[in-house]
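work-v6.txt follows; it contains compact mmCIF, C-alpha atoms.
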# COMPACT_ATOMS: atom_id res chain seq x y z
CA MET R 288 48.87 14.02 -12.15
CA GLY R 289 47.50 11.41 -14.55
CA THR R 290 48.94 8.03 -15.43
CA PRO R 291 49.20 6.14 -18.75
CA LEU R 292 46.40 3.84 -17.52
CA GLY R 293 44.11 6.73 -16.61
CA ASP R 294 44.89 8.57 -19.83
CA PHE R 295 44.01 5.51 -21.91
CA ILE R 296 40.70 4.86 -20.15
CA ARG R 297 39.70 8.50 -20.40
CA SER R 298 40.72 8.65 -24.06
CA LYS R 299 38.69 5.54 -24.91
CA ARG R 300 35.71 6.83 -22.92
CA ASP R 301 35.81 10.11 -24.84
CA SER R 302 35.89 8.24 -28.16
CA VAL R 303 32.91 5.95 -27.48
CA GLN R 304 29.50 7.11 -28.63
CA PRO R 305 26.77 6.01 -26.18
CA GLU R 306 24.45 4.80 -28.92
CA THR R 307 27.04 2.23 -30.08
CA LEU R 308 26.68 0.58 -26.67
CA GLY R 309 22.88 0.73 -26.70
CA LEU R 310 22.72 3.62 -24.22
CA PRO R 311 20.10 6.36 -24.55
CA ASP R 312 21.02 9.83 -25.74
CA ARG R 313 20.91 12.01 -22.63
CA GLY R 314 21.26 15.24 -24.49
CA ARG R 315 24.05 17.76 -24.41
CA ARG R 316 27.29 16.73 -22.66
CA ARG R 317 30.20 18.84 -21.47
CA SER R 318 32.67 16.51 -23.18
CA PRO R 319 32.38 14.07 -26.10
CA GLY R 320 31.91 10.37 -25.68
CA LEU R 321 30.67 8.24 -22.82
CA ARG R 322 29.72 9.78 -19.49
CA ARG R 323 31.79 8.69 -16.51
CA THR R 324 28.60 7.62 -14.75
CA ASP R 325 27.64 5.36 -17.63
CA LEU R 326 31.05 3.70 -17.83
CA ALA R 327 31.13 3.15 -14.07
CA ALA R 328 27.67 1.58 -14.16
CA ARG R 329 28.60 -0.73 -17.05
CA ALA R 330 31.80 -1.79 -15.25
CA GLY R 331 30.06 -2.28 -11.91
CA ILE R 332 32.25 0.17 -10.01
CA SER R 333 31.57 3.50 -8.34
CA VAL R 334 31.97 6.80 -10.16
CA GLU R 335 34.37 7.91 -7.43
CA TYR R 336 36.60 4.88 -8.01
CA LEU R 337 36.61 5.39 -11.78
CA THR R 338 37.51 9.05 -11.22
CA ARG R 339 40.47 8.06 -9.03
CA ILE R 340 41.73 5.66 -11.71
CA GLU R 341 41.40 8.23 -14.51
CA GLN R 342 43.09 10.95 -12.46
CA GLY R 343 45.95 8.66 -11.38
CA ARG R 344 45.01 8.61 -7.69
CA ASP R 345 44.51 4.83 -7.79
CA ARG R 346 47.34 3.04 -9.56
CA ASN R 347 46.57 -0.57 -8.69
CA PRO R 348 43.10 -1.64 -9.83
CA SER R 349 42.41 -5.36 -9.52
CA VAL R 350 42.41 -7.70 -12.48
CA ALA R 351 38.63 -7.97 -12.13
CA VAL R 352 38.22 -4.19 -12.37
CA VAL R 353 40.55 -3.95 -15.39
CA ASN R 354 38.63 -6.71 -17.17
CA ALA R 355 35.31 -5.08 -16.29
CA LEU R 356 36.48 -1.76 -17.75
CA ALA R 357 37.66 -3.53 -20.90
CA ASP R 358 34.25 -5.17 -21.26
CA ALA R 359 32.43 -1.91 -20.55
CA LEU R 360 34.41 -0.09 -23.23
CA SER R 361 34.07 -3.01 -25.69
CA LEU R 362 37.83 -3.02 -26.28
CA SER R 363 39.33 -5.05 -29.10
CA PRO R 364 41.83 -7.83 -28.25
CA SER R 365 44.78 -5.58 -29.06
CA GLU R 366 43.31 -2.75 -26.96
CA ARG R 367 42.78 -5.16 -24.06
CA ALA R 368 46.41 -6.23 -24.28
CA HIS R 369 47.49 -2.59 -24.19
CA LEU R 370 45.21 -1.93 -21.19
CA ARG R 371 46.80 -4.80 -19.27
CA TYR R 372 50.26 -3.53 -20.17
CA LEU R 373 49.47 0.00 -18.99
CA THR R 374 48.03 -1.40 -15.76
CA LYS R 375 51.33 -3.17 -15.18
CA ILE R 376 53.58 -0.17 -15.73
CA THR R 377 51.25 2.23 -13.90
CA GLY R 378 51.23 -0.07 -10.87
CA GLY R 379 55.01 -0.01 -10.74
CA ASP R 380 55.64 -3.58 -11.88
CA CYS R 381 58.31 -2.35 -14.30
CA THR R 382 60.69 -1.25 -11.57
CA ALA R 383 64.37 -0.58 -12.17
CA HIS R 384 65.48 -4.09 -11.18
CA THR R 385 62.87 -5.82 -13.34
CA ARG R 386 63.06 -3.67 -16.46
CA PRO R 387 64.08 -5.53 -19.57
CA ALA R 388 67.45 -4.84 -21.10
CA PRO R 389 67.65 -2.01 -23.63
CA PRO R 390 66.20 -2.99 -27.01
CA PRO R 391 68.86 -5.18 -28.63
CA ARG R 392 70.41 -3.80 -31.78
CA HIS R 393 72.28 -7.00 -32.57
CA VAL R 394 70.48 -9.23 -35.06
CA ARG R 395 71.02 -12.93 -34.53
CA ASP R 396 72.64 -14.92 -37.30
CA ALA R 397 69.52 -17.08 -37.67
CA VAL R 398 67.43 -13.97 -38.31
CA ARG R 399 69.89 -12.69 -40.92
CA ARG R 400 69.78 -16.08 -42.62
CA THR R 401 66.00 -15.86 -42.65
CA LEU R 402 66.24 -12.47 -44.36
CA ARG R 403 68.44 -13.98 -47.05
CA LEU R 404 65.88 -16.73 -47.60
CA LEU R 405 63.22 -14.05 -48.09
CA GLU R 406 65.11 -12.39 -50.95
CA PRO R 407 64.15 -10.99 -53.40
CA GLY R 408 61.25 -10.10 -51.13
CA ILE R 409 60.85 -6.91 -49.09
CA ALA R 410 61.63 -7.42 -45.41
CA VAL R 411 63.06 -5.44 -42.50
CA VAL R 412 64.03 -6.09 -38.87
CA THR R 413 63.32 -3.32 -36.34
CA ASN R 414 63.04 -2.88 -32.59
CA ARG R 415 60.33 -1.01 -30.67
CA LEU R 416 62.25 2.26 -30.90
CA GLY R 417 62.09 2.07 -34.69
CA ASP R 418 65.78 1.32 -35.27
CA ILE R 419 66.27 -0.36 -38.66
CA LEU R 420 68.61 -3.20 -37.80
CA ALA R 421 68.67 -5.31 -40.97
CA HIS R 422 66.80 -5.48 -44.25
CA THR R 423 66.72 -7.08 -47.66
CA PRO R 424 67.96 -5.15 -50.72
CA ALA R 425 64.36 -4.86 -51.91
CA TYR R 426 63.41 -2.92 -48.76
CA GLU R 427 66.01 -0.33 -49.62
CA SER R 428 64.68 -0.28 -53.19
CA VAL R 429 61.14 0.65 -52.12
CA THR R 430 62.44 3.34 -49.74
CA ASP R 431 65.17 4.67 -52.02
CA GLY R 432 65.08 8.45 -52.29
CA SER R 433 62.73 8.85 -49.31
CA GLY R 434 65.46 10.03 -46.95
CA LEU R 435 65.00 7.11 -44.56
CA PHE R 436 68.57 5.90 -45.07
CA ASP R 437 70.19 9.32 -45.14
CA THR R 438 71.47 8.93 -41.57
CA GLU R 439 74.19 6.62 -40.30
CA ALA R 440 71.76 4.85 -37.95
CA PRO R 441 68.35 4.91 -39.68
CA ASN R 442 65.38 5.04 -37.34
CA LEU R 443 61.82 4.82 -38.63
CA THR R 444 60.25 6.66 -35.68
CA ARG R 445 62.63 9.60 -35.95
CA TYR R 446 62.11 9.72 -39.72
CA VAL R 447 58.32 9.74 -39.46
CA PHE R 448 58.20 12.57 -36.94
CA THR R 449 61.15 14.76 -37.85
CA ASP R 450 61.69 14.46 -41.61
CA SER R 451 59.19 16.43 -43.70
CA ARG R 452 59.68 14.00 -46.59
CA ALA R 453 57.96 11.28 -44.56
CA ARG R 454 54.61 13.09 -44.85
CA THR R 455 54.79 12.73 -48.61
CA PHE R 456 56.37 9.29 -48.72
CA PHE R 457 53.70 7.71 -46.49
CA ALA R 458 50.31 8.34 -48.09
CA ASP R 459 48.63 7.66 -44.73
CA TRP R 460 51.13 9.52 -42.59
CA ASP R 461 48.75 9.97 -39.64
CA ASP R 462 48.21 6.22 -39.36
CA ILE R 463 51.95 5.51 -39.58
CA ALA R 464 52.63 8.15 -36.93
CA ASP R 465 50.10 6.48 -34.62
CA GLU R 466 51.84 3.14 -35.14
CA GLN R 467 55.30 4.46 -34.34
CA ALA R 468 54.09 6.33 -31.26
CA PHE R 469 52.24 3.27 -30.00
CA ASP R 470 55.31 1.05 -30.32
CA LEU R 471 57.26 3.37 -28.02
CA TRP R 472 55.02 2.28 -25.14
CA HIS R 473 56.44 -1.22 -25.49
CA ALA R 474 60.04 -0.22 -24.97
CA PRO R 475 59.92 1.25 -21.41
CA THR R 476 63.60 1.08 -20.56
CA VAL R 477 65.98 3.62 -19.13
CA GLU R 478 67.76 3.87 -22.47
CA SER R 479 64.61 4.40 -24.52
CA SER R 480 63.29 7.00 -22.08
CA GLU R 481 66.53 8.96 -22.33
CA TRP R 482 66.49 8.75 -26.14
CA PHE R 483 62.89 9.94 -26.17
CA THR R 484 63.32 12.89 -23.80
CA THR R 485 66.67 14.16 -25.08
CA GLN R 486 66.53 13.47 -28.81
CA LEU R 487 63.12 12.61 -30.21
CA ALA R 488 60.54 14.61 -28.23
CA PRO R 489 62.19 18.05 -28.62
CA LEU R 490 62.30 17.59 -32.41
CA ALA R 491 58.97 15.81 -32.88
CA GLY R 492 56.96 18.16 -30.64
CA PRO R 493 53.20 17.81 -30.13
CA ASP R 494 52.74 15.51 -33.14
CA LEU R 495 54.35 12.77 -31.05
CA THR R 496 53.31 13.66 -27.49
CA HIS R 497 49.67 14.03 -28.50
CA ARG R 498 49.67 10.53 -29.98
CA LEU R 499 51.42 9.03 -26.98
CA ASN R 500 48.76 10.45 -24.67
CA ARG R 501 45.87 9.26 -26.87
CA HIS R 502 47.04 5.62 -26.81
CA VAL R 503 45.54 4.83 -30.20
CA VAL R 504 45.96 1.11 -30.85
CA PRO R 505 46.75 0.97 -34.60
CA GLU R 506 45.12 -1.41 -37.05
CA ARG R 507 48.20 -1.62 -39.31
CA GLY R 508 46.36 -1.97 -42.59
CA VAL R 509 47.71 -1.73 -46.12
CA LEU R 510 50.85 0.42 -46.31
CA ARG R 511 50.50 3.03 -49.06
CA VAL R 512 53.74 4.59 -50.26
CA ASN R 513 54.37 7.43 -52.71
CA HIS R 514 57.76 6.45 -54.08
CA PRO R 515 59.92 9.39 -55.27
CA ALA R 516 60.31 7.63 -58.62
CA GLY R 517 56.62 8.18 -59.24
CA HIS R 518 55.20 4.83 -58.21
CA GLY R 519 52.23 4.49 -55.88
CA LEU R 520 52.80 1.29 -53.90
CA ARG R 521 50.26 -0.69 -51.87
CA LEU R 522 51.93 -3.19 -49.57
CA LEU R 523 50.47 -5.81 -47.25
CA ARG R 524 52.35 -6.20 -43.98
CA GLU R 525 53.03 -9.41 -42.09
CA THR R 526 54.91 -8.87 -38.84
CA LEU R 527 56.59 -11.71 -36.99
CA GLU R 528 57.44 -10.97 -33.36
CA LEU R 529 60.89 -12.03 -32.15
CA PRO R 530 60.14 -11.86 -28.41
CA ALA R 531 63.51 -13.13 -27.24
CA ASP R 532 65.17 -10.23 -29.07
CA GLU R 533 62.48 -7.55 -28.52
CA GLN R 534 62.52 -7.18 -32.32
CA GLN R 535 60.10 -7.57 -35.21
CA LEU R 536 60.55 -9.01 -38.68
CA THR R 537 58.17 -7.28 -41.07
CA ILE R 538 57.55 -8.66 -44.55
CA LEU R 539 55.98 -6.38 -47.16
CA LEU R 540 53.96 -8.04 -49.92
CA PRO R 541 52.60 -6.30 -53.04
CA ALA R 542 48.85 -5.89 -52.61
CA ASP R 543 48.13 -5.81 -56.34
CA ASP R 544 49.69 -6.51 -59.73
CA GLU R 545 50.53 -2.85 -60.32
CA THR R 546 52.56 -2.72 -57.11
CA ALA R 547 54.31 -6.00 -57.93
CA ALA R 548 55.37 -4.61 -61.31
CA ALA R 549 56.53 -1.33 -59.76
CA VAL R 550 58.56 -3.13 -57.10
CA GLU R 551 60.29 -5.15 -59.78
CA GLN R 552 61.12 -1.95 -61.68
CA LEU R 553 62.55 -0.39 -58.53
CA ARG R 554 64.68 -3.48 -57.86
CA HIS R 555 66.03 -3.36 -61.42
CA ARG R 556 66.64 0.40 -61.17
CA ARG R 557 68.62 0.01 -57.96
CA ARG R 558 70.70 -2.87 -59.34
CA HIS R 559 71.46 -0.78 -62.45
CA HIS R 560 72.58 2.22 -60.37
CA SER R 561 74.69 -0.03 -58.14
CA ASN R 562 76.43 -1.47 -61.20
CA LEU R 563 77.12 2.02 -62.55
CA ARG R 564 78.67 3.08 -59.23
CA ALA R 565 80.80 -0.08 -59.19
CA ILE R 566 82.08 0.64 -62.75
CA SER R 567 82.89 4.27 -61.98

Will you turn the file into structure tokens for me?
Amino acid sequence: MGTPLGDFIRSKRDSVQPETLGLPDRGRRRSPGLRRTDLAARAGISVEYLTRIEQGRDRNPSVAVVNALADALSLSPSERAHLRYLTKITGGDCTAHTRPAPPPRHVRDAVRRTLRLLEPGIAVVTNRLGDILAHTPAYESVTDGSGLFDTEAPNLTRYVFTDSRARTFFADWDDIADEQAFDLWHAPTVESSEWFTTQLAPLAGPDLTHRLNRHVVPERGVLRVNHPAGHGLRLLRETLELPADEQQLTILLPADDETAAAVEQLRHRRRHHSNLRAIS
């Protein structure tokens, strides 16, 4: 049986083209990507040892071996961080008595005050499971009508994978799905595992499990949204980690003048509808 570490190394090896690493084309291969022999040679380890790591028969490679594999695969800084994380959980370092507490859903008063300072900007606080814990009114304006807030406890991951409207709302749905799947790896608690196995996975199906097994480290570029009101929004994302809370504060900034104007229209539209509801 494989391991997250082995799956990631094998997935990256399959995605690397030999010529990008200056290796000769050795003709037809049984599988795409880099040969196991080539990766082992570049990392300075035996093919047999690399096979054991990929197949999950060796769960505790040394730091030197992990770094050598990262170098051999030319991993980016974020991919290297993910490789180290997977090495840790595969080796059993995240045992029951050392696991972090379940992702906090309580937002500290200082964070809520920060959100108020960001108004009228677009900002949201989430945890690694995708729970939407707090947000500015403008965030609800740009997601209004998408279905994201149709549930009592809105969750971005569940919305992306189980609500068909998400595939229209997010212009680059595949990229967003990769992001949400990747973040689940960073919430390895008993509670999150239970939520995943009993609630999310049965509904999301292979769209989620396939992405989890591929370990794609997302680039998180410009967020493109097709708002139900007819606006096409392009939003830059700045994410501030709140490590003490296992939460993230994400600020969305209009990427162009057209988006800035559309966001302002959506804010006005939502305020107008809120006033009408208050009068009625």

Checklist entry - Which residues, written as a list in words, have at least one atom at most 10 Å from range 327-338 of chain R, with all atoms listed in the file counted and residues fewer than 2 positions away on the same chain left out? => result Gly293, Ile296, Arg297, Leu308, Arg322, Arg323, Thr324, Asp325, Ile340, Glu341, Gln342, Gly343, Arg344, Asp345, Pro348, Ala351, Val352, Val353, Asn354, Ala355, Leu356, Ala357, Asp358, Ala359 and Leu360 of chain R

Filtering to C-alpha atoms, could you give me those residues as a tab-separated table (two decimals), in the frame of the given file?
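And here's result.tsv as it stands now:
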chain	number	residue	atom	x	y	z
R	293	GLY	CA	44.11	6.73	-16.61
R	296	ILE	CA	40.70	4.86	-20.15
R	297	ARG	CA	39.70	8.50	-20.40
R	308	LEU	CA	26.68	0.58	-26.67
R	322	ARG	CA	29.72	9.78	-19.49
R	323	ARG	CA	31.79	8.69	-16.51
R	324	THR	CA	28.60	7.62	-14.75
R	325	ASP	CA	27.64	5.36	-17.63
R	340	ILE	CA	41.73	5.66	-11.71
R	341	GLU	CA	41.40	8.23	-14.51
R	342	GLN	CA	43.09	10.95	-12.46
R	343	GLY	CA	45.95	8.66	-11.38
R	344	ARG	CA	45.01	8.61	-7.69
R	345	ASP	CA	44.51	4.83	-7.79
R	348	PRO	CA	43.10	-1.64	-9.83
R	351	ALA	CA	38.63	-7.97	-12.13
R	352	VAL	CA	38.22	-4.19	-12.37
R	353	VAL	CA	40.55	-3.95	-15.39
R	354	ASN	CA	38.63	-6.71	-17.17
R	355	ALA	CA	35.31	-5.08	-16.29
R	356	LEU	CA	36.48	-1.76	-17.75
R	357	ALA	CA	37.66	-3.53	-20.90
R	358	ASP	CA	34.25	-5.17	-21.26
R	359	ALA	CA	32.43	-1.91	-20.55
R	360	LEU	CA	34.41	-0.09	-23.23

Next on the checklist: Can you tell me which residues surround Glu366 in chain R at a distance of at most 9 Å, considering only C-alpha atoms, apart from same-chain residues fewer than 3 positions away, and format the answer as a list in words?
Outcome noted: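 Residues meeting the cut-off are Ala357, Leu362, Ser363, His369, Leu370, Arg371, Val503 and Val504 of chain R.
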
Next on the checklist: What does the structure give for the distance between CA of Pro305 in chain R and CA of Ser361 in chain R, in Å to one decimal?
Outcome noted: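 Separating CA of Pro305 in chain R from CA of Ser361 in chain R is a distance of 11.6 Å.
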
Range 510-517 of chain R: which residues within 9 Å, counting all atoms listed in the file, same-chain residues fewer than 5 positions away excluded, as a compact mmCIF listing (two decimals) with C-alpha atoms, in the coordinates of the input?
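New file part.txt:
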# COMPACT_ATOMS: atom_id res chain seq x y z
CA VAL R 429 61.14 0.65 -52.12
CA THR R 430 62.44 3.34 -49.74
CA ASP R 431 65.17 4.67 -52.02
CA GLY R 432 65.08 8.45 -52.29
CA SER R 433 62.73 8.85 -49.31
CA THR R 455 54.79 12.73 -48.61
CA PHE R 456 56.37 9.29 -48.72
CA PHE R 457 53.70 7.71 -46.49
CA ALA R 458 50.31 8.34 -48.09
CA ASP R 459 48.63 7.66 -44.73
CA ILE R 463 51.95 5.51 -39.58
CA LEU R 522 51.93 -3.19 -49.57
CA LEU R 523 50.47 -5.81 -47.25
CA ARG R 524 52.35 -6.20 -43.98
CA LEU R 539 55.98 -6.38 -47.16
CA LEU R 553 62.55 -0.39 -58.53

Next on the checklist: Please report the interatomic distance between CA of Ile538 in chain R and CA of Val411 in chain R in Å with one decimal.
Outcome noted: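 About the pair CA of Ile538 in chain R and CA of Val411 in chain R: they are 6.7 Å apart.
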
Checklist entry - Quick one: of R:Leu373, R:Ala549, R:Val447, R:Leu471, who's nearest to Ala491 in chain R, counting all atoms listed in the file? => result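 Result for the nearest residue to Ala491 in chain R: R:Val447.
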
Next on the checklist: Ranking R:Thr377, R:Asp462, R:Gln534, R:Asn442 by minimum distance to Leu292 in chain R and counting all atoms listed in the file, which one comes first?
Outcome noted: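 Using all atoms listed in the file, the shortest distance to Leu292 in chain R belongs to R:Thr377.
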
Checklist entry - At what distance in Å, to one decimal, does CA of Lys299 in chain R lie from CA of Thr449 in chain R? => result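 Separation between CA of Thr449 in chain R and CA of Lys299 in chain R: 27.5 Å.
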
Checklist entry - So which residues touch Arg445 in chain R within 10 Å, counting only C-alpha atoms, skipping near sequence neighbours fewer than 3 positions away, as a ChimeraX atom specification? => result /R:416-418,435,441-442,448-450,453,467,483,486-488,490-491

Checklist entry - Between R:Thr496, R:Tyr426, R:Ala421, R:Thr546, which has the minimum distance to Thr401 in chain R (counting all atoms listed in the file)? => result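 The closest residue to Thr401 in chain R is R:Ala421.
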
Checklist entry - Got a sec to check which residues sit within 12 Å of (59.5, -1.5, -32.5), counting all atoms listed in the file, and write them as a ChimeraX atom specification? => result /R:390-392,411-420,442-444,466-475,479,526-530,532-537

Next on the checklist: Let me make sure I understand: among R:Gly309, R:Gly378, R:Pro364, R:Pro424, which one has the smallest atom-to-atom distance to Arg558 in chain R if we use all atoms listed in the file?
Outcome noted: R:Pro424

Item to check | Contacts of Arg403 in chain R at 12 Å (all atoms listed in the file; same-chain gap of 4+ positions) as a PyMOL selection string | outcome: chain R and resi 396-399+407-411+421-425

Got time to write the residues from that selection, C-alpha atoms, as a PDB file, keeping the file's coordinate frame?
ATOM      1  CA  ASP R 396      72.640 -14.920 -37.300  1.00  0.00           C
ATOM      2  CA  ALA R 397      69.520 -17.080 -37.670  1.00  0.00           C
ATOM      3  CA  VAL R 398      67.430 -13.970 -38.310  1.00  0.00           C
ATOM      4  CA  ARG R 399      69.890 -12.690 -40.920  1.00  0.00           C
ATOM      5  CA  PRO R 407      64.150 -10.990 -53.400  1.00  0.00           C
ATOM      6  CA  GLY R 408      61.250 -10.100 -51.130  1.00  0.00           C
ATOM      7  CA  ILE R 409      60.850  -6.910 -49.090  1.00  0.00           C
ATOM      8  CA  ALA R 410      61.630  -7.420 -45.410  1.00  0.00           C
ATOM      9  CA  VAL R 411      63.060  -5.440 -42.500  1.00  0.00           C
ATOM     10  CA  ALA R 421      68.670  -5.310 -40.970  1.00  0.00           C
ATOM     11  CA  HIS R 422      66.800  -5.480 -44.250  1.00  0.00           C
ATOM     12  CA  THR R 423      66.720  -7.080 -47.660  1.00  0.00           C
ATOM     13  CA  PRO R 424      67.960  -5.150 -50.720  1.00  0.00           C
ATOM     14  CA  ALA R 425      64.360  -4.860 -51.910  1.00  0.00           C
TER      15      ALA R 425
END
